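*Asks:* The file below is query.cif, mmCIF, N, CA and C atoms:
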data_upload
#
loop_
_atom_site.group_PDB
_atom_site.id
_atom_site.type_symbol
_atom_site.label_atom_id
_atom_site.label_comp_id
_atom_site.auth_asym_id
_atom_site.auth_seq_id
_atom_site.Cartn_x
_atom_site.Cartn_y
_atom_site.Cartn_z
ATOM 1 N N PHE F 163 -0.540 25.688 14.743
ATOM 2 C CA PHE F 163 -0.683 26.932 13.999
ATOM 3 C C PHE F 163 -0.342 28.109 14.891
ATOM 4 N N PRO F 164 0.449 29.045 14.393
ATOM 5 C CA PRO F 164 0.739 30.229 15.207
ATOM 6 C C PRO F 164 -0.505 31.110 15.340
ATOM 7 N N VAL F 165 -0.644 31.732 16.473
ATOM 8 C CA VAL F 165 -1.773 32.613 16.740
ATOM 9 C C VAL F 165 -1.264 34.049 16.727
ATOM 10 N N THR F 166 -1.975 34.916 16.008
ATOM 11 C CA THR F 166 -1.617 36.330 15.972
ATOM 12 C C THR F 166 -2.557 37.097 16.883
ATOM 13 N N ILE F 167 -1.998 37.874 17.775
ATOM 14 C CA ILE F 167 -2.797 38.708 18.666
ATOM 15 C C ILE F 167 -2.542 40.150 18.265
ATOM 16 N N GLU F 168 -3.623 40.851 17.958
ATOM 17 C CA GLU F 168 -3.495 42.249 17.549
ATOM 18 C C GLU F 168 -3.872 43.142 18.720
ATOM 19 N N VAL F 169 -3.019 44.117 18.992
ATOM 20 C CA VAL F 169 -3.269 45.055 20.072
ATOM 21 C C VAL F 169 -3.470 46.434 19.444
ATOM 22 N N PHE F 170 -4.554 47.082 19.818
ATOM 23 C CA PHE F 170 -4.878 48.404 19.283
ATOM 24 C C PHE F 170 -4.890 49.414 20.413
ATOM 25 N N GLU F 171 -4.390 50.604 20.115
ATOM 26 C CA GLU F 171 -4.427 51.656 21.122
ATOM 27 C C GLU F 171 -5.849 52.133 21.364
ATOM 28 N N ASP F 172 -6.653 52.155 20.276
ATOM 29 C CA ASP F 172 -8.034 52.602 20.423
ATOM 30 C C ASP F 172 -8.887 52.040 19.290
ATOM 31 N N GLN F 173 -10.165 52.311 19.338
ATOM 32 C CA GLN F 173 -11.103 51.799 18.336
ATOM 33 C C GLN F 173 -10.781 52.347 16.944
ATOM 34 N N GLU F 174 -10.277 53.570 16.883
ATOM 35 C CA GLU F 174 -9.930 54.171 15.593
ATOM 36 C C GLU F 174 -8.848 53.352 14.886
ATOM 37 N N ASP F 175 -7.843 52.899 15.623
ATOM 38 C CA ASP F 175 -6.790 52.062 15.039
ATOM 39 C C ASP F 175 -7.380 50.762 14.498
ATOM 40 N N ARG F 176 -8.290 50.165 15.253
ATOM 41 C CA ARG F 176 -8.928 48.921 14.831
ATOM 42 C C ARG F 176 -9.704 49.145 13.527
ATOM 43 N N GLU F 177 -10.444 50.245 13.431
ATOM 44 C CA GLU F 177 -11.234 50.557 12.232
ATOM 45 C C GLU F 177 -10.335 50.854 11.034
ATOM 46 N N THR F 178 -9.230 51.538 11.268
ATOM 47 C CA THR F 178 -8.287 51.833 10.192
ATOM 48 C C THR F 178 -7.726 50.547 9.597
ATOM 49 N N LEU F 179 -7.322 49.623 10.449
ATOM 50 C CA LEU F 179 -6.799 48.343 9.974
ATOM 51 C C LEU F 179 -7.876 47.585 9.203
ATOM 52 N N LYS F 180 -9.087 47.609 9.699
ATOM 53 C CA LYS F 180 -10.207 46.930 9.036
ATOM 54 C C LYS F 180 -10.415 47.493 7.625
ATOM 55 N N ARG F 181 -10.389 48.824 7.507
ATOM 56 C CA ARG F 181 -10.556 49.465 6.190
ATOM 57 C C ARG F 181 -9.423 49.102 5.242
ATOM 58 N N GLU F 182 -8.199 49.096 5.739
ATOM 59 C CA GLU F 182 -7.049 48.773 4.898
ATOM 60 C C GLU F 182 -7.102 47.328 4.423
ATOM 61 N N ARG F 183 -7.505 46.427 5.284
ATOM 62 C CA ARG F 183 -7.639 45.028 4.874
ATOM 63 C C ARG F 183 -8.715 44.884 3.807
ATOM 64 N N ALA F 184 -9.808 45.612 3.979
ATOM 65 C CA ALA F 184 -10.898 45.546 3.001
ATOM 66 C C ALA F 184 -10.421 46.042 1.642
ATOM 67 N N ARG F 185 -9.625 47.098 1.649
ATOM 68 C CA ARG F 185 -9.098 47.647 0.403
ATOM 69 C C ARG F 185 -8.183 46.658 -0.299
ATOM 70 N N SER F 186 -7.440 45.904 0.490
ATOM 71 C CA SER F 186 -6.435 45.034 -0.099
ATOM 72 C C SER F 186 -7.048 43.799 -0.763
ATOM 73 N N GLN F 187 -8.263 43.414 -0.369
ATOM 74 C CA GLN F 187 -8.907 42.279 -1.014
ATOM 75 C C GLN F 187 -9.293 42.674 -2.436
ATOM 76 N N ASN F 188 -9.146 41.739 -3.365
ATOM 77 C CA ASN F 188 -9.572 42.020 -4.730
ATOM 78 C C ASN F 188 -11.071 42.199 -4.769
ATOM 79 N N PHE F 189 -11.509 43.198 -5.490
ATOM 80 C CA PHE F 189 -12.925 43.496 -5.588
ATOM 81 C C PHE F 189 -13.604 42.487 -6.510
ATOM 82 N N ASN F 190 -14.799 42.067 -6.119
ATOM 83 C CA ASN F 190 -15.644 41.328 -7.038
ATOM 84 C C ASN F 190 -17.099 41.682 -6.754
ATOM 85 N N PHE F 191 -17.923 41.583 -7.763
ATOM 86 C CA PHE F 191 -19.295 42.055 -7.657
ATOM 87 C C PHE F 191 -20.149 41.229 -6.705
ATOM 88 N N SER F 192 -19.913 39.922 -6.624
ATOM 89 C CA SER F 192 -20.717 39.109 -5.710
ATOM 90 C C SER F 192 -20.440 39.491 -4.255
ATOM 91 N N LEU F 193 -19.223 39.923 -3.968
ATOM 92 C CA LEU F 193 -18.853 40.353 -2.625
ATOM 93 C C LEU F 193 -19.747 41.492 -2.142
ATOM 94 N N VAL F 194 -20.157 42.363 -3.052
ATOM 95 C CA VAL F 194 -20.976 43.521 -2.685
ATOM 96 C C VAL F 194 -22.415 43.399 -3.212
ATOM 97 N N GLN F 195 -22.795 42.169 -3.549
ATOM 98 C CA GLN F 195 -24.162 41.847 -3.941
ATOM 99 C C GLN F 195 -24.671 42.704 -5.105
ATOM 100 N N ILE F 196 -23.853 42.803 -6.145
ATOM 101 C CA ILE F 196 -24.261 43.477 -7.377
ATOM 102 C C ILE F 196 -24.386 42.404 -8.451
ATOM 103 N N PRO F 197 -25.609 42.182 -8.951
ATOM 104 C CA PRO F 197 -25.804 41.096 -9.918
ATOM 105 C C PRO F 197 -25.279 41.407 -11.318
ATOM 106 N N VAL F 198 -24.939 40.343 -12.027
ATOM 107 C CA VAL F 198 -24.573 40.453 -13.438
ATOM 108 C C VAL F 198 -25.722 41.157 -14.160
ATOM 109 N N GLY F 199 -25.371 42.062 -15.078
ATOM 110 C CA GLY F 199 -26.370 42.813 -15.823
ATOM 111 C C GLY F 199 -26.694 44.167 -15.221
ATOM 112 N N SER F 200 -26.209 44.434 -14.011
ATOM 113 C CA SER F 200 -26.465 45.715 -13.356
ATOM 114 C C SER F 200 -25.743 46.846 -14.076
ATOM 115 N N THR F 201 -26.317 48.032 -13.995
ATOM 116 C CA THR F 201 -25.719 49.224 -14.597
ATOM 117 C C THR F 201 -24.976 50.018 -13.537
ATOM 118 N N LEU F 202 -23.754 50.396 -13.872
ATOM 119 C CA LEU F 202 -22.929 51.251 -13.019
ATOM 120 C C LEU F 202 -22.816 52.613 -13.686
ATOM 121 N N HIS F 203 -22.636 53.655 -12.877
ATOM 122 C CA HIS F 203 -22.465 55.015 -13.390
ATOM 123 C C HIS F 203 -21.111 55.547 -12.941
ATOM 124 N N PHE F 204 -20.454 56.286 -13.825
ATOM 125 C CA PHE F 204 -19.172 56.882 -13.470
ATOM 126 C C PHE F 204 -19.409 57.991 -12.453
ATOM 127 N N VAL F 205 -18.568 58.075 -11.457
ATOM 128 C CA VAL F 205 -18.768 58.977 -10.325
ATOM 129 C C VAL F 205 -18.823 60.454 -10.745
ATOM 130 N N ARG F 206 -18.106 60.841 -11.783
ATOM 131 C CA ARG F 206 -18.059 62.252 -12.192
ATOM 132 C C ARG F 206 -19.039 62.592 -13.309
ATOM 133 N N ASP F 207 -19.661 61.586 -13.916
ATOM 134 C CA ASP F 207 -20.605 61.819 -15.016
ATOM 135 C C ASP F 207 -21.556 60.636 -15.107
ATOM 136 N N GLU F 208 -22.764 60.801 -14.574
ATOM 137 C CA GLU F 208 -23.701 59.674 -14.523
ATOM 138 C C GLU F 208 -24.162 59.209 -15.896
ATOM 139 N N ASN F 209 -23.882 59.992 -16.938
ATOM 140 C CA ASN F 209 -24.220 59.568 -18.297
ATOM 141 C C ASN F 209 -23.258 58.515 -18.835
ATOM 142 N N LEU F 210 -22.105 58.376 -18.197
ATOM 143 C CA LEU F 210 -21.153 57.321 -18.570
ATOM 144 C C LEU F 210 -21.504 56.079 -17.762
ATOM 145 N N THR F 211 -21.908 55.028 -18.458
ATOM 146 C CA THR F 211 -22.356 53.821 -17.770
ATOM 147 C C THR F 211 -21.576 52.598 -18.218
ATOM 148 N N ALA F 212 -21.638 51.589 -17.394
ATOM 149 C CA ALA F 212 -21.041 50.288 -17.692
ATOM 150 C C ALA F 212 -22.007 49.224 -17.196
ATOM 151 N N THR F 213 -21.904 48.040 -17.761
ATOM 152 C CA THR F 213 -22.748 46.921 -17.372
ATOM 153 C C THR F 213 -21.884 45.813 -16.786
ATOM 154 N N VAL F 214 -22.318 45.275 -15.653
ATOM 155 C CA VAL F 214 -21.594 44.178 -15.010
ATOM 156 C C VAL F 214 -21.709 42.934 -15.890
ATOM 157 N N LEU F 215 -20.560 42.390 -16.287
ATOM 158 C CA LEU F 215 -20.505 41.235 -17.195
ATOM 159 C C LEU F 215 -20.395 39.915 -16.430
ATOM 160 N N ASP F 216 -19.514 39.882 -15.437
ATOM 161 C CA ASP F 216 -19.347 38.707 -14.578
ATOM 162 C C ASP F 216 -18.829 39.199 -13.232
ATOM 163 N N ASP F 217 -18.255 38.337 -12.443
ATOM 164 C CA ASP F 217 -17.876 38.730 -11.086
ATOM 165 C C ASP F 217 -16.754 39.769 -11.025
ATOM 166 N N LYS F 218 -15.979 39.903 -12.088
ATOM 167 C CA LYS F 218 -14.849 40.834 -12.068
ATOM 168 C C LYS F 218 -14.841 41.846 -13.214
ATOM 169 N N MET F 219 -15.557 41.573 -14.289
ATOM 170 C CA MET F 219 -15.445 42.399 -15.491
ATOM 171 C C MET F 219 -16.744 43.140 -15.802
ATOM 172 N N ILE F 220 -16.583 44.229 -16.563
ATOM 173 C CA ILE F 220 -17.720 45.033 -17.021
ATOM 174 C C ILE F 220 -17.630 45.204 -18.536
ATOM 175 N N VAL F 221 -18.705 45.700 -19.115
ATOM 176 C CA VAL F 221 -18.694 46.129 -20.508
ATOM 177 C C VAL F 221 -18.821 47.644 -20.477
ATOM 178 N N PHE F 222 -17.831 48.323 -21.048
ATOM 179 C CA PHE F 222 -17.838 49.782 -21.130
ATOM 180 C C PHE F 222 -17.530 50.165 -22.566
ATOM 181 N N GLU F 223 -18.414 50.972 -23.149
ATOM 182 C CA GLU F 223 -18.287 51.403 -24.548
ATOM 183 C C GLU F 223 -18.074 50.209 -25.475
ATOM 184 N N GLY F 224 -18.831 49.140 -25.218
ATOM 185 C CA GLY F 224 -18.800 47.970 -26.081
ATOM 186 C C GLY F 224 -17.629 47.035 -25.877
ATOM 187 N N GLU F 225 -16.765 47.326 -24.924
ATOM 188 C CA GLU F 225 -15.580 46.492 -24.698
ATOM 189 C C GLU F 225 -15.616 45.831 -23.334
ATOM 190 N N ARG F 226 -15.155 44.586 -23.276
ATOM 191 C CA ARG F 226 -14.978 43.880 -22.005
ATOM 192 C C ARG F 226 -13.740 44.463 -21.345
ATOM 193 N N THR F 227 -13.884 44.941 -20.109
ATOM 194 C CA THR F 227 -12.773 45.608 -19.438
ATOM 195 C C THR F 227 -12.951 45.511 -17.931
ATOM 196 N N SER F 228 -12.016 46.067 -17.199
ATOM 197 C CA SER F 228 -12.092 46.083 -15.737
ATOM 198 C C SER F 228 -12.580 47.445 -15.251
ATOM 199 N N LEU F 229 -12.959 47.503 -13.993
ATOM 200 C CA LEU F 229 -13.343 48.774 -13.380
ATOM 201 C C LEU F 229 -12.191 49.777 -13.468
ATOM 202 N N SER F 230 -10.986 49.311 -13.156
ATOM 203 C CA SER F 230 -9.823 50.204 -13.124
ATOM 204 C C SER F 230 -9.444 50.698 -14.515
ATOM 205 N N GLN F 231 -9.397 49.792 -15.494
ATOM 206 C CA GLN F 231 -9.023 50.203 -16.852
ATOM 207 C C GLN F 231 -10.037 51.184 -17.440
ATOM 208 N N SER F 232 -11.314 50.941 -17.209
ATOM 209 C CA SER F 232 -12.332 51.836 -17.748
ATOM 210 C C SER F 232 -12.272 53.204 -17.070
ATOM 211 N N ALA F 233 -12.097 53.216 -15.761
ATOM 212 C CA ALA F 233 -11.997 54.489 -15.040
ATOM 213 C C ALA F 233 -10.771 55.268 -15.502
ATOM 214 N N LEU F 234 -9.651 54.575 -15.662
ATOM 215 C CA LEU F 234 -8.429 55.232 -16.120
ATOM 216 C C LEU F 234 -8.625 55.823 -17.523
ATOM 217 N N LYS F 235 -9.278 55.067 -18.392
ATOM 218 C CA LYS F 235 -9.554 55.544 -19.748
ATOM 219 C C LYS F 235 -10.360 56.847 -19.716
ATOM 220 N N ILE F 236 -11.404 56.878 -18.902
ATOM 221 C CA ILE F 236 -12.240 58.084 -18.795
ATOM 222 C C ILE F 236 -11.445 59.246 -18.228
ATOM 223 N N LEU F 237 -10.707 58.995 -17.163
ATOM 224 C CA LEU F 237 -9.947 60.071 -16.506
ATOM 225 C C LEU F 237 -8.889 60.659 -17.427
ATOM 226 N N GLN F 238 -8.240 59.812 -18.214
ATOM 227 C CA GLN F 238 -7.229 60.306 -19.158
ATOM 228 C C GLN F 238 -7.885 61.042 -20.323
ATOM 229 N N ARG F 239 -8.910 60.450 -20.892
ATOM 230 C CA ARG F 239 -9.562 60.991 -22.084
ATOM 231 C C ARG F 239 -10.383 62.250 -21.786
ATOM 232 N N ASP F 240 -11.206 62.201 -20.742
ATOM 233 C CA ASP F 240 -12.167 63.277 -20.492
ATOM 234 C C ASP F 240 -11.697 64.316 -19.486
ATOM 235 N N TYR F 241 -10.723 63.970 -18.668
ATOM 236 C CA TYR F 241 -10.310 64.881 -17.601
ATOM 237 C C TYR F 241 -8.824 65.227 -17.660
ATOM 238 N N GLY F 242 -8.115 64.724 -18.678
ATOM 239 C CA GLY F 242 -6.722 65.085 -18.884
ATOM 240 C C GLY F 242 -5.753 64.564 -17.845
ATOM 241 N N LYS F 243 -6.166 63.563 -17.069
ATOM 242 C CA LYS F 243 -5.262 63.008 -16.060
ATOM 243 C C LYS F 243 -4.166 62.206 -16.753
ATOM 244 N N THR F 244 -2.990 62.223 -16.152
ATOM 245 C CA THR F 244 -1.865 61.470 -16.711
ATOM 246 C C THR F 244 -1.477 60.313 -15.796
ATOM 247 N N TRP F 245 -2.394 59.927 -14.934
ATOM 248 C CA TRP F 245 -2.133 58.850 -13.984
ATOM 249 C C TRP F 245 -1.901 57.542 -14.712
ATOM 250 N N ALA F 246 -1.106 56.672 -14.104
ATOM 251 C CA ALA F 246 -0.831 55.353 -14.682
ATOM 252 C C ALA F 246 -1.840 54.313 -14.196
ATOM 253 N N THR F 247 -2.339 54.491 -12.978
ATOM 254 C CA THR F 247 -3.297 53.537 -12.418
ATOM 255 C C THR F 247 -4.316 54.260 -11.551
ATOM 256 N N VAL F 248 -5.468 53.639 -11.383
ATOM 257 C CA VAL F 248 -6.474 54.111 -10.431
ATOM 258 C C VAL F 248 -7.118 52.880 -9.807
ATOM 259 N N ARG F 249 -7.780 53.084 -8.691
ATOM 260 C CA ARG F 249 -8.541 52.009 -8.052
ATOM 261 C C ARG F 249 -9.982 52.130 -8.547
ATOM 262 N N GLY F 250 -10.335 51.269 -9.470
ATOM 263 C CA GLY F 250 -11.618 51.329 -10.156
ATOM 264 C C GLY F 250 -12.846 51.452 -9.270
ATOM 265 N N PRO F 251 -12.954 50.676 -8.174
ATOM 266 C CA PRO F 251 -14.156 50.759 -7.340
ATOM 267 C C PRO F 251 -14.411 52.147 -6.740
ATOM 268 N N ASP F 252 -13.393 53.010 -6.725
ATOM 269 C CA ASP F 252 -13.575 54.375 -6.239
ATOM 270 C C ASP F 252 -14.325 55.252 -7.248
ATOM 271 N N TYR F 253 -14.389 54.819 -8.512
ATOM 272 C CA TYR F 253 -14.907 55.670 -9.581
ATOM 273 C C TYR F 253 -16.234 55.211 -10.175
ATOM 274 N N TRP F 254 -16.748 54.064 -9.741
ATOM 275 C CA TRP F 254 -18.010 53.561 -10.270
ATOM 276 C C TRP F 254 -19.045 53.512 -9.161
ATOM 277 N N VAL F 255 -20.282 53.889 -9.493
ATOM 278 C CA VAL F 255 -21.361 54.037 -8.520
ATOM 279 C C VAL F 255 -22.477 53.038 -8.822
ATOM 280 N N PHE F 256 -23.032 52.464 -7.757
ATOM 281 C CA PHE F 256 -24.202 51.598 -7.851
ATOM 282 C C PHE F 256 -25.118 51.949 -6.685
ATOM 283 N N GLU F 257 -26.368 52.233 -6.982
ATOM 284 C CA GLU F 257 -27.355 52.586 -5.964
ATOM 285 C C GLU F 257 -26.861 53.705 -5.044
ATOM 286 N N GLY F 258 -26.264 54.744 -5.642
ATOM 287 C CA GLY F 258 -25.890 55.939 -4.898
ATOM 288 C C GLY F 258 -24.594 55.875 -4.107
ATOM 289 N N GLN F 259 -23.868 54.764 -4.199
ATOM 290 C CA GLN F 259 -22.590 54.636 -3.477
ATOM 291 C C GLN F 259 -21.511 54.222 -4.458
ATOM 292 N N THR F 260 -20.285 54.725 -4.226
ATOM 293 C CA THR F 260 -19.191 54.153 -5.007
ATOM 294 C C THR F 260 -19.069 52.696 -4.575
ATOM 295 N N LEU F 261 -18.471 51.892 -5.433
ATOM 296 C CA LEU F 261 -18.319 50.475 -5.110
ATOM 297 C C LEU F 261 -17.425 50.295 -3.885
ATOM 298 N N SER F 262 -16.451 51.184 -3.705
ATOM 299 C CA SER F 262 -15.590 51.138 -2.512
ATOM 300 C C SER F 262 -16.402 51.420 -1.255
ATOM 301 N N GLU F 263 -17.268 52.443 -1.308
ATOM 302 C CA GLU F 263 -18.116 52.766 -0.160
ATOM 303 C C GLU F 263 -19.055 51.602 0.159
ATOM 304 N N ARG F 264 -19.612 51.004 -0.883
ATOM 305 C CA ARG F 264 -20.532 49.879 -0.702
ATOM 306 C C ARG F 264 -19.820 48.700 -0.027
ATOM 307 N N LYS F 265 -18.608 48.430 -0.460
ATOM 308 C CA LYS F 265 -17.828 47.333 0.109
ATOM 309 C C LYS F 265 -17.567 47.586 1.602
ATOM 310 N N LEU F 266 -17.141 48.798 1.926
ATOM 311 C CA LEU F 266 -16.869 49.134 3.334
ATOM 312 C C LEU F 266 -18.136 49.029 4.171
ATOM 313 N N ALA F 267 -19.251 49.538 3.653
ATOM 314 C CA ALA F 267 -20.512 49.514 4.399
ATOM 315 C C ALA F 267 -20.967 48.077 4.663
ATOM 316 N N MET F 268 -20.763 47.208 3.693
ATOM 317 C CA MET F 268 -21.202 45.817 3.855
ATOM 318 C C MET F 268 -20.307 45.062 4.838
ATOM 319 N N GLU F 269 -19.070 45.488 4.996
ATOM 320 C CA GLU F 269 -18.157 44.813 5.908
ATOM 321 C C GLU F 269 -18.371 45.232 7.353
ATOM 322 N N GLU F 270 -19.048 46.373 7.546
ATOM 323 C CA GLU F 270 -19.252 46.875 8.913
ATOM 324 C C GLU F 270 -20.494 46.277 9.537
#
With the file now loaded, output its structure as structure tokens.
*Replies:*
Amino acid sequence: FPVTIEVFEDQEDRETLKRERARSQNFNFSLVQIPVGSTLHFVRDENLTATVLDDKMIVFEGERTSLSQSALKILQRDYGKTWATVRGPDYWVFEGQTLSERKLAMEE
């Protein structure tokens, strides 16, 4: 097996690579220890909630959907954004952290 050796100029470079790798992994709720049935809140309006359905999907406004699709729907409908895609874990909050922040914190 080939061995890859990574050389970093400093600790900041090492941390940047670590964060980018974490982002590239597909998000799932078990990875960040969020149980099925948990309530998530939208980052810009805590009155907008979703319920964790399984390891990858949520229920939002009565529909089975993804974090990204639900966030995009809210951003387009309520905030007039014309974006084609968003990274869902950046827009949903659990226990005071966005899901992206929670994932990074758990990896450190």
*Asks:* May I have the residues within 6.5 Å of Asp217 in chain F as a ChimeraX atom specification, using all atoms listed in the file and disregarding those fewer than 5 positions away in the same chain?
*Replies:* /F:189-192
*Asks:* Which residues in chain F does DSSP call helix (DSSP H, G or I)? List them as an mmCIF file with N, CA and C atoms, keeping the file's coordinate frame.
*Replies:*
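Saved to selection09.cif:
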data_model
loop_
_atom_site.group_PDB
_atom_site.id
_atom_site.type_symbol
_atom_site.label_atom_id
_atom_site.label_comp_id
_atom_site.auth_asym_id
_atom_site.auth_seq_id
_atom_site.Cartn_x
_atom_site.Cartn_y
_atom_site.Cartn_z
ATOM 1 N N GLN F 173 -10.165 52.311 19.338
ATOM 2 C CA GLN F 173 -11.103 51.799 18.336
ATOM 3 C C GLN F 173 -10.781 52.347 16.944
ATOM 4 N N GLU F 174 -10.277 53.570 16.883
ATOM 5 C CA GLU F 174 -9.930 54.171 15.593
ATOM 6 C C GLU F 174 -8.848 53.352 14.886
ATOM 7 N N ASP F 175 -7.843 52.899 15.623
ATOM 8 C CA ASP F 175 -6.790 52.062 15.039
ATOM 9 C C ASP F 175 -7.380 50.762 14.498
ATOM 10 N N ARG F 176 -8.290 50.165 15.253
ATOM 11 C CA ARG F 176 -8.928 48.921 14.831
ATOM 12 C C ARG F 176 -9.704 49.145 13.527
ATOM 13 N N GLU F 177 -10.444 50.245 13.431
ATOM 14 C CA GLU F 177 -11.234 50.557 12.232
ATOM 15 C C GLU F 177 -10.335 50.854 11.034
ATOM 16 N N THR F 178 -9.230 51.538 11.268
ATOM 17 C CA THR F 178 -8.287 51.833 10.192
ATOM 18 C C THR F 178 -7.726 50.547 9.597
ATOM 19 N N LEU F 179 -7.322 49.623 10.449
ATOM 20 C CA LEU F 179 -6.799 48.343 9.974
ATOM 21 C C LEU F 179 -7.876 47.585 9.203
ATOM 22 N N LYS F 180 -9.087 47.609 9.699
ATOM 23 C CA LYS F 180 -10.207 46.930 9.036
ATOM 24 C C LYS F 180 -10.415 47.493 7.625
ATOM 25 N N ARG F 181 -10.389 48.824 7.507
ATOM 26 C CA ARG F 181 -10.556 49.465 6.190
ATOM 27 C C ARG F 181 -9.423 49.102 5.242
ATOM 28 N N GLU F 182 -8.199 49.096 5.739
ATOM 29 C CA GLU F 182 -7.049 48.773 4.898
ATOM 30 C C GLU F 182 -7.102 47.328 4.423
ATOM 31 N N ARG F 183 -7.505 46.427 5.284
ATOM 32 C CA ARG F 183 -7.639 45.028 4.874
ATOM 33 C C ARG F 183 -8.715 44.884 3.807
ATOM 34 N N ALA F 184 -9.808 45.612 3.979
ATOM 35 C CA ALA F 184 -10.898 45.546 3.001
ATOM 36 C C ALA F 184 -10.421 46.042 1.642
ATOM 37 N N ARG F 185 -9.625 47.098 1.649
ATOM 38 C CA ARG F 185 -9.098 47.647 0.403
ATOM 39 C C ARG F 185 -8.183 46.658 -0.299
ATOM 40 N N SER F 186 -7.440 45.904 0.490
ATOM 41 C CA SER F 186 -6.435 45.034 -0.099
ATOM 42 C C SER F 186 -7.048 43.799 -0.763
ATOM 43 N N SER F 192 -19.913 39.922 -6.624
ATOM 44 C CA SER F 192 -20.717 39.109 -5.710
ATOM 45 C C SER F 192 -20.440 39.491 -4.255
ATOM 46 N N LEU F 193 -19.223 39.923 -3.968
ATOM 47 C CA LEU F 193 -18.853 40.353 -2.625
ATOM 48 C C LEU F 193 -19.747 41.492 -2.142
ATOM 49 N N VAL F 194 -20.157 42.363 -3.052
ATOM 50 C CA VAL F 194 -20.976 43.521 -2.685
ATOM 51 C C VAL F 194 -22.415 43.399 -3.212
ATOM 52 N N LEU F 229 -12.959 47.503 -13.993
ATOM 53 C CA LEU F 229 -13.343 48.774 -13.380
ATOM 54 C C LEU F 229 -12.191 49.777 -13.468
ATOM 55 N N SER F 230 -10.986 49.311 -13.156
ATOM 56 C CA SER F 230 -9.823 50.204 -13.124
ATOM 57 C C SER F 230 -9.444 50.698 -14.515
ATOM 58 N N GLN F 231 -9.397 49.792 -15.494
ATOM 59 C CA GLN F 231 -9.023 50.203 -16.852
ATOM 60 C C GLN F 231 -10.037 51.184 -17.440
ATOM 61 N N SER F 232 -11.314 50.941 -17.209
ATOM 62 C CA SER F 232 -12.332 51.836 -17.748
ATOM 63 C C SER F 232 -12.272 53.204 -17.070
ATOM 64 N N ALA F 233 -12.097 53.216 -15.761
ATOM 65 C CA ALA F 233 -11.997 54.489 -15.040
ATOM 66 C C ALA F 233 -10.771 55.268 -15.502
ATOM 67 N N LEU F 234 -9.651 54.575 -15.662
ATOM 68 C CA LEU F 234 -8.429 55.232 -16.120
ATOM 69 C C LEU F 234 -8.625 55.823 -17.523
ATOM 70 N N LYS F 235 -9.278 55.067 -18.392
ATOM 71 C CA LYS F 235 -9.554 55.544 -19.748
ATOM 72 C C LYS F 235 -10.360 56.847 -19.716
ATOM 73 N N ILE F 236 -11.404 56.878 -18.902
ATOM 74 C CA ILE F 236 -12.240 58.084 -18.795
ATOM 75 C C ILE F 236 -11.445 59.246 -18.228
ATOM 76 N N LEU F 237 -10.707 58.995 -17.163
ATOM 77 C CA LEU F 237 -9.947 60.071 -16.506
ATOM 78 C C LEU F 237 -8.889 60.659 -17.427
ATOM 79 N N GLN F 238 -8.240 59.812 -18.214
ATOM 80 C CA GLN F 238 -7.229 60.306 -19.158
ATOM 81 C C GLN F 238 -7.885 61.042 -20.323
ATOM 82 N N ARG F 239 -8.910 60.450 -20.892
ATOM 83 C CA ARG F 239 -9.562 60.991 -22.084
ATOM 84 C C ARG F 239 -10.383 62.250 -21.786
ATOM 85 N N ASP F 240 -11.206 62.201 -20.742
ATOM 86 C CA ASP F 240 -12.167 63.277 -20.492
ATOM 87 C C ASP F 240 -11.697 64.316 -19.486
ATOM 88 N N TYR F 241 -10.723 63.970 -18.668
ATOM 89 C CA TYR F 241 -10.310 64.881 -17.601
ATOM 90 C C TYR F 241 -8.824 65.227 -17.660
ATOM 91 N N GLY F 250 -10.335 51.269 -9.470
ATOM 92 C CA GLY F 250 -11.618 51.329 -10.156
ATOM 93 C C GLY F 250 -12.846 51.452 -9.270
ATOM 94 N N PRO F 251 -12.954 50.676 -8.174
ATOM 95 C CA PRO F 251 -14.156 50.759 -7.340
ATOM 96 C C PRO F 251 -14.411 52.147 -6.740
ATOM 97 N N ASP F 252 -13.393 53.010 -6.725
ATOM 98 C CA ASP F 252 -13.575 54.375 -6.239
ATOM 99 C C ASP F 252 -14.325 55.252 -7.248
ATOM 100 N N LEU F 261 -18.471 51.892 -5.433
ATOM 101 C CA LEU F 261 -18.319 50.475 -5.110
ATOM 102 C C LEU F 261 -17.425 50.295 -3.885
ATOM 103 N N SER F 262 -16.451 51.184 -3.705
ATOM 104 C CA SER F 262 -15.590 51.138 -2.512
ATOM 105 C C SER F 262 -16.402 51.420 -1.255
ATOM 106 N N GLU F 263 -17.268 52.443 -1.308
ATOM 107 C CA GLU F 263 -18.116 52.766 -0.160
ATOM 108 C C GLU F 263 -19.055 51.602 0.159
ATOM 109 N N ARG F 264 -19.612 51.004 -0.883
ATOM 110 C CA ARG F 264 -20.532 49.879 -0.702
ATOM 111 C C ARG F 264 -19.820 48.700 -0.027
ATOM 112 N N LYS F 265 -18.608 48.430 -0.460
ATOM 113 C CA LYS F 265 -17.828 47.333 0.109
ATOM 114 C C LYS F 265 -17.567 47.586 1.602
ATOM 115 N N LEU F 266 -17.141 48.798 1.926
ATOM 116 C CA LEU F 266 -16.869 49.134 3.334
ATOM 117 C C LEU F 266 -18.136 49.029 4.171
ATOM 118 N N ALA F 267 -19.251 49.538 3.653
ATOM 119 C CA ALA F 267 -20.512 49.514 4.399
ATOM 120 C C ALA F 267 -20.967 48.077 4.663
ATOM 121 N N MET F 268 -20.763 47.208 3.693
ATOM 122 C CA MET F 268 -21.202 45.817 3.855
ATOM 123 C C MET F 268 -20.307 45.062 4.838
ATOM 124 N N GLU F 269 -19.070 45.488 4.996
ATOM 125 C CA GLU F 269 -18.157 44.813 5.908
ATOM 126 C C GLU F 269 -18.371 45.232 7.353
#
*Asks:* Write down as a PyMOL selection string the residues belonging to chain F that are assigned strand (DSSP E or B) by DSSP computed on the backbone.
*Replies:* chain F and resi 201-204+207-214+220-222+225-227+254-256+259-260
*Asks:* To one decimal in Å, tell me the separation between CA of Glu257 in chain F and CA of Leu229 in chain F.
*Replies:*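 Separation of CA of Glu257 in chain F and CA of Leu229 in chain F: 16.3 Å.
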*Asks:* Let me make sure I understand: among F:Val214, F:Val255, F:Arg206, F:Gly250, which one has the smallest atom-to-atom distance to Ser232 in chain F if we use all atoms listed in the file?
*Replies:*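 When distances to Ser232 in chain F are compared using all atoms listed in the file, the smallest one comes from F:Gly250.
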